[in-house]
>>> print(open('my_file.txt').read())   # compact mmCIF, C-alpha atoms
# COMPACT_ATOMS: atom_id res chain seq x y z
CA MET S 199 -49.80 -0.05 -0.85
CA THR S 200 -48.63 -3.63 -0.33
CA PRO S 201 -49.48 -5.53 2.82
CA GLY S 202 -47.03 -4.06 5.31
CA ARG S 203 -44.72 -2.26 2.90
CA PRO S 204 -44.60 -0.89 -0.67
CA PRO S 205 -43.65 -3.59 -3.19
CA VAL S 206 -40.14 -4.20 -4.47
CA THR S 207 -39.42 -1.49 -7.02
CA ALA S 208 -39.60 -2.74 -10.59
CA PRO S 209 -37.17 -1.74 -13.31
CA GLU S 210 -38.47 1.23 -15.28
CA PRO S 211 -40.37 0.00 -18.38
CA HIS S 212 -38.99 0.95 -21.81
CA THR S 213 -41.73 1.75 -24.31
CA ALA S 214 -41.30 2.56 -27.95
CA ASP S 215 -44.50 4.56 -28.18
CA GLN S 216 -45.53 6.53 -25.12
CA ALA S 217 -48.85 7.55 -26.68
CA THR S 218 -49.71 3.91 -27.25
CA GLU S 219 -48.70 3.11 -23.68
CA ASP S 220 -50.92 5.86 -22.33
CA ALA S 221 -53.86 4.53 -24.32
CA MET S 222 -53.42 1.00 -22.96
CA SER S 223 -55.06 1.55 -19.59
CA ASN S 224 -54.83 -1.34 -17.15
CA ALA S 225 -51.71 -2.69 -18.87
CA THR S 226 -47.97 -2.11 -19.14
CA THR S 227 -45.45 -2.99 -21.82
CA VAL S 228 -41.69 -3.11 -22.35
CA SER S 229 -39.53 -3.30 -25.44
CA PRO S 230 -37.87 -6.75 -25.47
CA ALA S 231 -34.14 -6.78 -24.89
CA HIS S 232 -33.84 -9.92 -27.01
CA SER S 233 -33.01 -10.68 -30.62
CA ALA S 234 -35.74 -10.77 -33.26
CA SER S 235 -35.34 -14.54 -33.47
CA THR S 236 -36.49 -14.98 -29.86
CA ALA S 237 -40.01 -16.42 -29.89
CA SER S 238 -42.67 -14.61 -27.92
CA THR S 239 -45.60 -16.26 -26.17
CA LEU S 240 -48.92 -14.87 -24.98
CA ILE S 241 -50.87 -16.61 -22.24
CA THR S 242 -54.46 -15.47 -22.59
CA ASN S 243 -57.89 -16.22 -21.13
CA ILE S 244 -56.56 -15.72 -17.60
CA ALA S 245 -59.43 -15.30 -15.13
CA ALA S 246 -57.27 -13.46 -12.59
CA LEU S 247 -53.64 -12.39 -12.95
CA VAL S 248 -51.61 -11.48 -9.85
CA THR S 249 -48.94 -8.97 -10.92
CA ASN S 250 -47.89 -7.55 -7.50
CA ASP S 251 -47.94 -4.12 -9.11
CA PRO S 252 -50.53 -1.89 -7.40
CA SER S 253 -50.63 0.43 -10.41
CA LEU S 254 -52.32 -2.30 -12.41
CA GLY S 255 -55.74 -3.91 -12.39
CA ASP S 256 -57.70 -3.33 -9.20
CA ASN S 257 -54.95 -1.10 -7.76
CA SER S 258 -54.59 -3.41 -4.77
CA ALA S 259 -51.26 -4.67 -3.44
CA LEU S 260 -51.61 -7.66 -5.75
CA GLY S 261 -52.31 -5.56 -8.84
CA LEU S 262 -55.01 -8.07 -9.75
CA VAL S 263 -56.05 -7.97 -13.41
CA GLN S 264 -59.26 -9.75 -14.43
CA ASP S 265 -59.73 -11.25 -17.91
CA ALA S 266 -56.03 -10.85 -18.41
CA ALA S 267 -53.13 -11.90 -20.59
CA ILE S 268 -49.37 -11.92 -20.16
CA ALA S 269 -46.68 -11.87 -22.84
CA ILE S 270 -43.26 -13.49 -22.46
CA GLU S 271 -40.19 -13.12 -24.64
CA GLY S 272 -37.02 -14.99 -23.82
CA ASP S 273 -36.72 -15.15 -20.03
CA ARG S 274 -38.66 -11.94 -19.36
CA VAL S 275 -42.20 -10.66 -19.06
CA VAL S 276 -42.76 -8.04 -21.76
CA TRP S 277 -46.44 -7.17 -21.35
CA THR S 278 -49.31 -7.67 -18.89
CA GLY S 279 -52.85 -6.38 -18.98
CA ASP S 280 -56.39 -6.74 -20.29
CA GLN S 281 -56.46 -9.57 -22.82
CA SER S 282 -58.50 -7.46 -25.25
CA LYS S 283 -55.42 -5.23 -25.65
CA ALA S 284 -52.82 -7.97 -25.88
CA PRO S 285 -49.99 -7.59 -28.42
CA ALA S 286 -49.35 -10.00 -31.26
CA THR S 287 -46.95 -12.83 -30.38
CA ASP S 288 -45.45 -15.86 -32.07
CA ASN S 289 -47.31 -18.33 -29.86
CA ARG S 290 -50.47 -18.39 -27.78
CA ILE S 291 -51.49 -20.47 -24.79
CA ASP S 292 -55.08 -20.58 -23.54
CA ALA S 293 -55.20 -20.53 -19.73
CA GLY S 294 -58.78 -21.80 -19.84
CA GLY S 295 -60.16 -19.33 -17.32
CA ARG S 296 -57.57 -20.20 -14.68
CA ALA S 297 -55.52 -17.90 -12.46
CA VAL S 298 -51.87 -17.01 -13.08
CA VAL S 299 -49.60 -15.89 -10.23
CA PRO S 300 -45.88 -15.19 -9.81
CA GLY S 301 -43.64 -18.15 -9.01
CA PHE S 302 -43.15 -18.66 -5.29
CA VAL S 303 -39.94 -17.32 -3.76
CA ASP S 304 -38.83 -19.63 -0.95
CA SER S 305 -36.31 -17.50 0.88
CA HIS S 306 -35.47 -19.91 3.73
CA SER S 307 -34.63 -23.61 3.39
CA HIS S 308 -32.06 -26.18 4.55
CA LEU S 309 -31.80 -28.67 1.70
CA VAL S 310 -28.23 -29.97 1.83
CA PHE S 311 -28.55 -32.81 4.31
CA ALA S 312 -28.73 -36.56 4.68
CA GLY S 313 -30.62 -38.85 7.00
CA ASP S 314 -34.11 -38.97 8.42
CA ARG S 315 -35.66 -37.78 11.68
CA THR S 316 -38.98 -39.59 11.55
CA ARG S 317 -38.45 -41.06 15.00
CA GLU S 318 -37.84 -37.61 16.48
CA PHE S 319 -41.00 -36.24 14.86
CA ASN S 320 -43.01 -39.22 16.06
CA ALA S 321 -41.74 -38.74 19.60
CA ARG S 322 -42.42 -35.01 19.52
CA MET S 323 -45.98 -35.58 18.34
CA SER S 324 -46.31 -37.90 21.33
CA GLY S 325 -45.46 -35.12 23.76
CA ARG S 326 -41.72 -34.43 23.74
CA ALA S 327 -40.88 -30.71 23.38
CA TYR S 328 -38.79 -29.55 20.40
CA SER S 329 -35.29 -28.19 21.03
CA ALA S 330 -32.35 -27.18 18.85
CA GLY S 331 -30.37 -30.28 19.83
CA GLY S 332 -32.03 -32.46 17.21
CA ILE S 333 -29.83 -30.83 14.58
CA ARG S 334 -26.94 -32.99 15.76
CA THR S 335 -28.66 -36.10 14.38
CA THR S 336 -28.66 -34.61 10.88
CA VAL S 337 -25.07 -33.41 11.28
CA ALA S 338 -23.87 -36.98 11.83
CA ALA S 339 -25.77 -38.29 8.80
CA THR S 340 -24.65 -35.43 6.57
CA ARG S 341 -20.98 -35.85 7.43
CA ALA S 342 -21.23 -39.55 6.56
CA ALA S 343 -22.88 -38.94 3.16
CA SER S 344 -21.01 -38.64 -0.12
CA ASP S 345 -21.19 -35.56 -2.32
CA ALA S 346 -23.30 -37.51 -4.79
CA GLU S 347 -25.76 -38.53 -2.08
CA LEU S 348 -26.11 -34.96 -0.83
CA GLU S 349 -26.66 -33.59 -4.32
CA ALA S 350 -29.19 -36.29 -5.17
CA ASN S 351 -31.12 -35.43 -2.03
CA LEU S 352 -30.98 -31.72 -2.84
CA THR S 353 -32.24 -32.15 -6.38
CA ARG S 354 -35.01 -34.45 -5.22
CA TYR S 355 -36.46 -31.75 -2.99
CA LEU S 356 -35.87 -29.02 -5.57
CA HIS S 357 -37.95 -30.96 -8.08
CA GLU S 358 -40.60 -31.53 -5.44
CA ALA S 359 -40.71 -27.81 -4.68
CA LEU S 360 -40.81 -26.88 -8.37
CA ARG S 361 -43.87 -29.05 -8.93
CA GLN S 362 -45.55 -27.04 -6.18
CA GLY S 363 -44.64 -23.70 -7.73
CA THR S 364 -41.31 -22.66 -6.19
CA THR S 365 -39.24 -20.99 -8.91
CA THR S 366 -36.62 -19.30 -6.68
CA PHE S 367 -35.15 -20.78 -3.54
CA GLU S 368 -32.52 -19.94 -0.97
CA THR S 369 -30.73 -22.74 0.87
CA LYS S 370 -28.14 -22.98 3.61
CA SER S 371 -25.29 -25.04 4.90
CA GLY S 372 -25.33 -25.87 8.60
CA TYR S 373 -25.41 -29.67 8.77
CA GLY S 374 -21.67 -30.24 8.40
CA LEU S 375 -20.12 -27.94 11.00
CA THR S 376 -16.57 -28.70 9.87
CA VAL S 377 -14.58 -26.63 7.41
CA GLU S 378 -14.69 -29.34 4.76
CA ASP S 379 -18.35 -30.28 5.23
CA GLU S 380 -19.66 -26.72 5.30
CA ALA S 381 -17.68 -25.79 2.18
CA ARG S 382 -18.86 -28.84 0.23
CA ALA S 383 -22.49 -28.18 1.20
CA LEU S 384 -22.25 -24.66 -0.20
CA ARG S 385 -20.40 -25.83 -3.29
CA ILE S 386 -23.18 -28.33 -4.00
CA ALA S 387 -25.91 -25.75 -3.35
CA ALA S 388 -24.23 -23.11 -5.52
CA ALA S 389 -24.56 -25.40 -8.54
CA HIS S 390 -28.35 -25.06 -8.24
CA THR S 391 -29.05 -21.53 -6.96
CA ASP S 392 -27.46 -18.11 -6.56
CA GLU S 393 -29.15 -17.72 -3.17
CA VAL S 394 -26.68 -19.64 -1.01
CA THR S 395 -26.25 -18.99 2.71
CA TYR S 396 -23.31 -19.86 4.95
CA LEU S 397 -24.73 -21.21 8.22
CA GLY S 398 -21.73 -22.67 9.95
CA ALA S 399 -23.33 -21.08 13.04
CA HIS S 400 -26.37 -23.38 13.05
CA ILE S 401 -25.39 -24.88 16.40
CA VAL S 402 -22.07 -25.28 18.17
CA SER S 403 -20.42 -28.30 16.59
CA PRO S 404 -20.50 -31.41 18.79
CA ASP S 405 -16.71 -31.43 18.36
CA TYR S 406 -16.54 -28.15 20.30
CA ALA S 407 -19.23 -28.79 22.89
CA GLU S 408 -16.83 -27.95 25.70
CA ASP S 409 -15.34 -24.89 23.99
CA PRO S 410 -17.97 -22.79 22.16
CA ALA S 411 -15.58 -19.84 21.89
CA ALA S 412 -13.16 -21.95 19.85
CA TYR S 413 -15.99 -22.92 17.52
CA VAL S 414 -16.99 -19.28 17.02
CA ALA S 415 -13.34 -18.58 16.17
CA LEU S 416 -13.46 -21.37 13.58
CA VAL S 417 -16.74 -20.11 12.09
CA THR S 418 -15.37 -16.58 11.79
CA GLY S 419 -11.96 -17.70 10.58
CA GLU S 420 -10.91 -20.76 8.62
CA MET S 421 -14.45 -21.99 7.95
CA LEU S 422 -15.59 -18.59 6.71
CA ASP S 423 -12.57 -18.34 4.41
CA ALA S 424 -13.42 -21.71 2.86
CA CYS S 425 -17.13 -21.02 2.52
CA ALA S 426 -17.34 -17.37 1.44
CA PRO S 427 -16.52 -18.03 -2.24
CA TYR S 428 -19.69 -20.13 -2.62
CA ALA S 429 -22.15 -17.97 -0.64
CA ARG S 430 -24.06 -14.72 -0.94
CA TRP S 431 -25.37 -14.66 2.63
CA VAL S 432 -24.22 -15.35 6.19
CA ASP S 433 -26.68 -16.57 8.82
CA VAL S 434 -26.65 -17.48 12.50
CA PHE S 435 -29.11 -19.27 14.80
CA CYS S 436 -29.33 -16.66 17.55
CA GLU S 437 -31.15 -18.66 20.18
CA LYS S 438 -30.81 -20.27 23.58
CA GLY S 439 -28.99 -23.55 22.95
CA ALA S 440 -27.24 -22.15 19.86
CA PHE S 441 -25.52 -18.70 19.78
CA ASP S 442 -26.05 -15.72 22.05
CA GLY S 443 -26.18 -12.10 20.92
CA ASP S 444 -22.46 -11.39 21.28
CA GLN S 445 -21.49 -14.56 19.42
CA ALA S 446 -24.05 -13.83 16.69
CA ARG S 447 -22.75 -10.28 16.26
CA ALA S 448 -19.17 -11.53 15.88
CA ILE S 449 -20.20 -14.12 13.28
CA LEU S 450 -22.35 -11.76 11.21
CA THR S 451 -19.78 -8.98 11.35
CA ALA S 452 -17.05 -11.34 10.16
CA GLY S 453 -19.29 -12.49 7.32
CA LYS S 454 -19.98 -8.90 6.27
CA ALA S 455 -16.23 -8.24 6.19
CA LYS S 456 -15.96 -11.09 3.67
CA GLY S 457 -18.70 -9.60 1.48
CA LEU S 458 -21.58 -11.77 2.73
CA HIS S 459 -24.83 -10.08 3.69
CA PRO S 460 -26.54 -11.06 6.98
CA ARG S 461 -29.70 -13.06 7.60
CA VAL S 462 -30.66 -14.16 11.12
CA HIS S 463 -32.58 -17.05 12.66
CA ALA S 464 -34.22 -14.81 15.24
CA ASN S 465 -36.63 -15.19 18.15
CA GLN S 466 -37.93 -18.63 17.21
CA LEU S 467 -37.98 -20.45 20.54
CA THR S 468 -37.74 -17.59 23.03
CA TYR S 469 -37.50 -13.83 23.30
CA GLY S 470 -33.96 -12.73 22.56
CA PRO S 471 -31.62 -10.28 20.81
CA GLY S 472 -31.87 -11.75 17.31
CA VAL S 473 -34.39 -9.36 15.76
CA GLN S 474 -32.75 -6.24 17.16
CA LEU S 475 -29.36 -7.46 15.96
CA ALA S 476 -30.76 -8.20 12.49
CA VAL S 477 -32.12 -4.66 12.13
CA GLU S 478 -28.95 -3.10 13.54
CA LEU S 479 -26.78 -4.94 11.00
CA ASP S 480 -29.23 -4.31 8.13
CA ALA S 481 -29.87 -8.02 7.69
CA ALA S 482 -32.04 -8.82 4.70
CA SER S 483 -34.34 -10.87 6.90
CA ALA S 484 -35.04 -11.92 10.45
CA ASP S 485 -36.47 -15.41 10.19
CA HIS S 486 -39.08 -17.05 12.46
CA CYS S 487 -39.97 -13.94 14.57
CA THR S 488 -42.28 -15.94 16.83
CA HIS S 489 -41.50 -14.27 20.17
CA LEU S 490 -41.42 -10.50 19.73
CA THR S 491 -41.52 -7.55 22.10
CA ASP S 492 -43.06 -4.24 21.06
CA ALA S 493 -39.51 -2.94 20.63
CA ASP S 494 -38.74 -5.80 18.23
CA VAL S 495 -41.80 -4.99 16.13
CA ASP S 496 -40.96 -1.28 16.13
CA ALA S 497 -37.40 -2.04 15.03
CA LEU S 498 -38.61 -4.16 12.11
CA ALA S 499 -41.12 -1.51 11.09
CA SER S 500 -38.50 1.23 11.08
CA GLY S 501 -35.82 -0.72 9.20
CA SER S 502 -35.44 -2.57 5.91
CA THR S 503 -35.18 -6.05 7.42
CA VAL S 504 -37.97 -8.39 6.30
CA ALA S 505 -39.73 -10.58 8.86
CA THR S 506 -39.74 -14.04 7.27
CA LEU S 507 -42.37 -16.26 8.86
CA LEU S 508 -42.05 -20.03 8.68
CA PRO S 509 -45.35 -21.64 9.68
CA GLY S 510 -44.20 -25.13 8.75
CA ALA S 511 -41.95 -25.04 11.81
CA GLU S 512 -44.79 -24.21 14.16
CA PHE S 513 -46.97 -26.85 12.54
CA SER S 514 -44.29 -29.52 12.93
CA THR S 515 -43.33 -28.60 16.49
CA ARG S 516 -46.73 -27.64 17.88
CA ALA S 517 -45.23 -24.32 18.87
CA GLU S 518 -46.89 -20.93 19.19
CA TRP S 519 -47.78 -19.36 15.82
CA PRO S 520 -46.07 -16.12 14.78
CA ASP S 521 -48.47 -13.18 14.90
CA ALA S 522 -48.41 -12.00 11.30
CA ARG S 523 -51.33 -9.64 11.91
CA ARG S 524 -49.35 -7.74 14.53
CA LEU S 525 -46.41 -7.32 12.16
CA LEU S 526 -48.48 -6.30 9.16
CA ASP S 527 -50.52 -3.80 11.12
CA ALA S 528 -47.25 -2.23 12.31
CA GLY S 529 -46.05 -1.78 8.74
CA VAL S 530 -43.45 -4.58 8.72
CA THR S 531 -42.61 -6.26 5.41
CA VAL S 532 -43.48 -9.95 5.80
CA ALA S 533 -42.30 -12.94 3.77
CA LEU S 534 -43.57 -16.52 3.94
CA SER S 535 -41.23 -19.45 3.45
CA THR S 536 -41.11 -23.19 4.09
CA ASP S 537 -37.99 -23.60 6.27
CA CYS S 538 -37.78 -27.01 4.60
CA ASN S 539 -35.47 -29.13 6.75
CA PRO S 540 -35.51 -32.71 8.07
CA GLY S 541 -36.13 -31.82 11.69
CA SER S 542 -38.56 -29.01 12.41
CA SER S 543 -40.34 -28.30 9.09
CA PHE S 544 -40.10 -31.10 6.57
CA THR S 545 -42.30 -29.51 3.92
CA SER S 546 -41.32 -28.04 0.56
CA SER S 547 -44.86 -26.74 -0.09
CA VAL S 548 -45.32 -22.98 -0.17
CA PRO S 549 -49.09 -23.44 -0.81
CA PHE S 550 -49.29 -25.38 2.45
CA CYS S 551 -47.55 -22.52 4.26
CA ILE S 552 -49.94 -20.02 2.67
CA ALA S 553 -52.89 -22.01 4.00
CA LEU S 554 -51.37 -22.15 7.49
CA ALA S 555 -50.66 -18.42 7.48
CA VAL S 556 -54.24 -17.61 6.55
CA ARG S 557 -55.80 -20.11 8.95
CA ASP S 558 -53.59 -19.62 12.01
CA MET S 559 -51.47 -16.47 11.70
CA GLY S 560 -54.01 -13.76 10.93
CA MET S 561 -53.11 -13.14 7.28
CA THR S 562 -55.63 -12.57 4.53
CA PRO S 563 -55.32 -14.67 1.35
CA ASP S 564 -54.07 -11.59 -0.49
CA GLU S 565 -51.41 -10.87 2.13
CA ALA S 566 -50.22 -14.47 2.16
CA MET S 567 -50.01 -14.52 -1.64
CA TRP S 568 -47.92 -11.33 -1.67
CA SER S 569 -45.66 -12.53 1.14
CA ALA S 570 -44.93 -15.84 -0.63
CA THR S 571 -43.91 -14.03 -3.82
CA ALA S 572 -42.96 -10.34 -3.56
CA GLY S 573 -42.24 -10.72 0.15
CA GLY S 574 -39.79 -13.53 -0.53
CA ALA S 575 -38.15 -11.42 -3.21
CA ALA S 576 -37.76 -8.58 -0.72
CA ALA S 577 -36.18 -11.00 1.77
CA LEU S 578 -33.59 -11.81 -0.91
CA ARG S 579 -33.31 -8.16 -1.95
CA ARG S 580 -34.31 -9.02 -5.49
CA ASP S 581 -36.41 -6.86 -7.82
CA ASP S 582 -36.49 -9.24 -10.79
CA ILE S 583 -38.68 -11.95 -9.25
CA GLY S 584 -41.89 -12.17 -7.22
CA ARG S 585 -43.89 -10.05 -9.66
CA LEU S 586 -45.31 -10.27 -13.17
CA THR S 587 -44.60 -6.92 -14.76
CA PRO S 588 -42.48 -5.91 -17.74
CA GLY S 589 -38.80 -6.54 -17.15
CA ALA S 590 -39.35 -9.17 -14.46
CA ARG S 591 -38.08 -12.70 -14.91
CA ALA S 592 -40.80 -14.84 -16.47
CA ASP S 593 -41.44 -17.07 -13.44
CA LEU S 594 -45.15 -17.79 -13.28
CA LEU S 595 -47.67 -20.40 -12.21
CA LEU S 596 -50.91 -21.56 -13.77
CA LEU S 597 -53.36 -22.58 -11.05
CA ASP S 598 -56.11 -25.12 -11.59
CA ALA S 599 -58.48 -22.59 -10.04
CA PRO S 600 -60.02 -19.23 -11.01
CA SER S 601 -58.34 -17.30 -8.17
CA HIS S 602 -55.23 -17.29 -5.99
CA VAL S 603 -57.58 -17.44 -2.98
CA HIS S 604 -58.01 -21.15 -3.68
CA LEU S 605 -54.48 -21.73 -2.37
CA ALA S 606 -55.86 -21.17 1.14
CA TYR S 607 -59.45 -22.14 0.35
CA ARG S 608 -58.48 -25.65 -0.83
CA PRO S 609 -55.54 -26.64 1.42
CA GLY S 610 -53.68 -29.78 0.49
CA VAL S 611 -55.03 -29.85 -3.07
CA PRO S 612 -52.32 -29.76 -5.80
CA LEU S 613 -53.53 -26.65 -7.62
CA VAL S 614 -50.31 -25.76 -9.47
CA SER S 615 -50.87 -27.16 -12.95
CA GLY S 616 -48.18 -25.27 -14.86
CA VAL S 617 -44.82 -23.71 -13.95
CA TRP S 618 -42.74 -21.42 -16.14
CA ARG S 619 -39.24 -20.54 -14.94
CA SER S 620 -37.21 -17.95 -16.85
CA GLY S 621 -39.77 -18.22 -19.63
CA VAL S 622 -39.51 -21.98 -20.02
CA ARG S 623 -42.38 -24.26 -19.05
CA GLU S 624 -40.96 -26.86 -16.65
CA VAL S 625 -44.17 -28.37 -15.24
>>> encode(input="my_file.txt", output="structure tokens")
Amino acid sequence: MTPGRPPVTAPEPHTADQATEDAMSNATTVSPAHSASTASTLITNIAALVTNDPSLGDNSALGLVQDAAIAIEGDRVVWTGDQSKAPATDNRIDAGGRAVVPGFVDSHSHLVFAGDRTREFNARMSGRAYSAGGIRTTVAATRAASDAELEANLTRYLHEALRQGTTTFETKSGYGLTVEDEARALRIAAAHTDEVTYLGAHIVSPDYAEDPAAYVALVTGEMLDACAPYARWVDVFCEKGAFDGDQARAILTAGKAKGLHPRVHANQLTYGPGVQLAVELDAASADHCTHLTDADVDALASGSTVATLLPGAEFSTRAEWPDARRLLDAGVTVALSTDCNPGSSFTSSVPFCIALAVRDMGMTPDEAMWSATAGGAAALRRDDIGRLTPGARADLLLLDAPSHVHLAYRPGVPLVSGVWRSGVREV
């Protein structure tokens, strides 16, 4: 059992010798789907390996294997298990008694923007309450920026996140709010990730402040037509000061008709219809989930929508923390993400969010680790990432620590000392 929900189902392993597989207790293997010329690499002397496969190791949600090794060939994991049973490979890397975990899956970010909101943050920390209106400041700066400036900013934060262990990220539009600016944001994002979200419905554009209905018509019409080719997802900020339930339903339904799958900014600032709407429309995730009724929790527990919690936002706004314990105890699948954006959560650090979730949201270190990896994969409806089992993409982190628990135990310390993405070491 995973915390809150069974893990994302892995592709069925292909083994050449079932008898050999049966003999290799505490390990799994897969026949490489690569040419013979593809070099293989074994990382050995791993103190603790998080696989997110409960059939392995200690049979916990994390599938924790002690004294472990992991084999990579091409861009895939081909074997994990007890290092004493490791297969022969072309290359070997000594982990030096450190921990290895899956790469973090950051399933909620807003990285295509320009400008700075330091003054707003400073004022808020001096007592001014946060509200959705601050987004307009970033909209003005983003519209004024060139494509090159927006892409340079995006890549800067992607590199920053990679150094901290993020190997998969989702990012959104939402700071242009015109047809041209939303489409260019998604075009820029799509050059760097497959997980691109159309968020023309971030707030009502300042240009339509007196006619929100006309802006909804734009978002569901001409803007959607221009943006859909670059996006996989459609999102809406369903919140007082942004879009109400009826508007959100119209926007998400129009996106689905164009082949985009829903995600929802739901129940961040107040109680509202966002979570119920997300479950009704089979959204991949309901994000924030700070203010929940019992009916909201029951809906999440009975559906396939992931509750994505974003503690960086509560940290940066001094808002009430989401109650992760309540969700997990109800059987809800929970993801952790950064919500990296210039206004309400200007952090790209998943380890920081893990520490916050453990300290202030009622999660155990194991639950937070799972939610930042397999949980994020579930929020993106992916089964090739967020785990380290045969057939998964070889996205993994070497921690300068003997256990993943140190991510919460040593907050603020840069523990990620190595990052492999698609089998290639990048950090």
>>> closest_residue(input="my_file.txt", among="S:Ala606, S:Leu247, S:Ala312, S:Ala426", to="S:Pro540", atoms="all atoms listed in the file")
S:Ala312
>>> residues_around(input="my_file.txt", residues="stretch 587-600 of chain S", least_positions_apart="5", cutoff="7 Å", atoms="only C-alpha atoms", output="PDB file with C-alpha atoms, in the coordinates of the input")
ATOM      1  CA  PRO S 209     -37.170  -1.740 -13.310  1.00  0.00           C
ATOM      2  CA  PRO S 211     -40.370   0.000 -18.380  1.00  0.00           C
ATOM      3  CA  THR S 226     -47.970  -2.110 -19.140  1.00  0.00           C
ATOM      4  CA  THR S 227     -45.450  -2.990 -21.820  1.00  0.00           C
ATOM      5  CA  VAL S 228     -41.690  -3.110 -22.350  1.00  0.00           C
ATOM      6  CA  ALA S 245     -59.430 -15.300 -15.130  1.00  0.00           C
ATOM      7  CA  ALA S 246     -57.270 -13.460 -12.590  1.00  0.00           C
ATOM      8  CA  THR S 249     -48.940  -8.970 -10.920  1.00  0.00           C
ATOM      9  CA  ILE S 270     -43.260 -13.490 -22.460  1.00  0.00           C
ATOM     10  CA  ASP S 273     -36.720 -15.150 -20.030  1.00  0.00           C
ATOM     11  CA  ARG S 274     -38.660 -11.940 -19.360  1.00  0.00           C
ATOM     12  CA  VAL S 275     -42.200 -10.660 -19.060  1.00  0.00           C
ATOM     13  CA  VAL S 276     -42.760  -8.040 -21.760  1.00  0.00           C
ATOM     14  CA  TRP S 277     -46.440  -7.170 -21.350  1.00  0.00           C
ATOM     15  CA  THR S 278     -49.310  -7.670 -18.890  1.00  0.00           C
ATOM     16  CA  GLY S 295     -60.160 -19.330 -17.320  1.00  0.00           C
ATOM     17  CA  ARG S 296     -57.570 -20.200 -14.680  1.00  0.00           C
ATOM     18  CA  ALA S 297     -55.520 -17.900 -12.460  1.00  0.00           C
ATOM     19  CA  VAL S 298     -51.870 -17.010 -13.080  1.00  0.00           C
ATOM     20  CA  VAL S 299     -49.600 -15.890 -10.230  1.00  0.00           C
ATOM     21  CA  PRO S 300     -45.880 -15.190  -9.810  1.00  0.00           C
ATOM     22  CA  GLY S 301     -43.640 -18.150  -9.010  1.00  0.00           C
ATOM     23  CA  GLY S 363     -44.640 -23.700  -7.730  1.00  0.00           C
ATOM     24  CA  THR S 365     -39.240 -20.990  -8.910  1.00  0.00           C
ATOM     25  CA  ASP S 582     -36.490  -9.240 -10.790  1.00  0.00           C
ATOM     26  CA  LEU S 613     -53.530 -26.650  -7.620  1.00  0.00           C
ATOM     27  CA  VAL S 614     -50.310 -25.760  -9.470  1.00  0.00           C
ATOM     28  CA  SER S 615     -50.870 -27.160 -12.950  1.00  0.00           C
ATOM     29  CA  GLY S 616     -48.180 -25.270 -14.860  1.00  0.00           C
ATOM     30  CA  VAL S 617     -44.820 -23.710 -13.950  1.00  0.00           C
ATOM     31  CA  TRP S 618     -42.740 -21.420 -16.140  1.00  0.00           C
ATOM     32  CA  ARG S 619     -39.240 -20.540 -14.940  1.00  0.00           C
ATOM     33  CA  SER S 620     -37.210 -17.950 -16.850  1.00  0.00           C
ATOM     34  CA  GLY S 621     -39.770 -18.220 -19.630  1.00  0.00           C
TER      35      GLY S 621
END
>>> atom_distance(input="my_file.txt", atom1="atom CA of S:Glu380", atom2="atom CA of S:Ala424")
8.4 Å
>>> atom_distance(input="my_file.txt", atom1="atom CA of S:Gly374", atom2="atom CA of S:Ser403")
8.5 Å
>>> atom_distance(input="my_file.txt", atom1="atom CA of S:Tyr355", atom2="atom CA of S:Cys551")
16.1 Å
>>> residues_near_point(input="my_file.txt", point="(-24.6, -35.0, 12.9)", cutoff="12 Å", atoms="all atoms listed in the file", output="MDAnalysis selection string")
chainID S and resid 311:315 331:343 372:376 379 400:405
>>> closest_atom_pairs(input="my_file.txt", of="stretch 443-468 of chain S", to="stretch 483-498 of chain S", cutoff="6 Å", atoms="only C-alpha atoms", output="tab-separated table")
residue	atom	partner	partner_atom	distance
S:Arg461	CA	S:Ser483	CA	5.2
S:Val462	CA	S:Ala484	CA	5.0
S:His463	CA	S:Asp485	CA	4.9
S:Ala464	CA	S:Asp485	CA	5.6
S:Asn465	CA	S:Cys487	CA	5.1
S:Gln466	CA	S:Thr488	CA	5.1
S:Thr468	CA	S:His489	CA	5.8
>>> residues_near_point(input="my_file.txt", point="(-48.7, -12.3, -30.1)", cutoff="9 Å", atoms="only C-alpha atoms", output="list of chain:residue names")
S:Ser238, S:Thr239, S:Leu240, S:Ala269, S:Ala284, S:Pro285, S:Ala286, S:Thr287, S:Asp288, S:Asn289, S:Arg290
>>> closest_residue(input="my_file.txt", among="S:Val603, S:Asp423, S:Val532, S:Thr369", to="S:Pro563", atoms="all atoms listed in the file")
S:Val603
>>> residues_around(input="my_file.txt", residues="S:Val377", least_positions_apart="5", cutoff="10 Å", atoms="all atoms listed in the file", output="ChimeraX atom specification")
/S:382,398,416-417,419-425
>>> closest_residue(input="my_file.txt", among="S:Ala511, S:Met567, S:Ala388, S:Leu475", to="S:Thr545", atoms="all atoms listed in the file")
S:Ala511
>>> closest_residue(input="my_file.txt", among="S:Ala321, S:Leu508, S:Val303, S:Ala576", to="S:Cys538", atoms="all atoms listed in the file")
S:Leu508
>>> residues_around(input="my_file.txt", residues="S:Met561", least_positions_apart="6", cutoff="7 Å", atoms="all atoms listed in the file", output="list in words")
Ala522, Arg523 and Ala555 of chain S
>>> residues_around(input="my_file.txt", residues="S:Ser546", least_positions_apart="5", cutoff="10 Å", atoms="only C-alpha atoms", output="list in words")
Asp304, Ser307, Leu309, Tyr355, Leu356, His357, Glu358, Ala359, Leu360, Arg361, Gln362, Gly363, Thr364, Gly510, Ser535, Thr536, Asp537, Cys538, Asn539 and Cys551 of chain S
>>> closest_residue(input="my_file.txt", among="S:Thr366, S:Ser543, S:Thr562, S:Thr242", to="S:Arg580", atoms="only C-alpha atoms")
S:Thr366
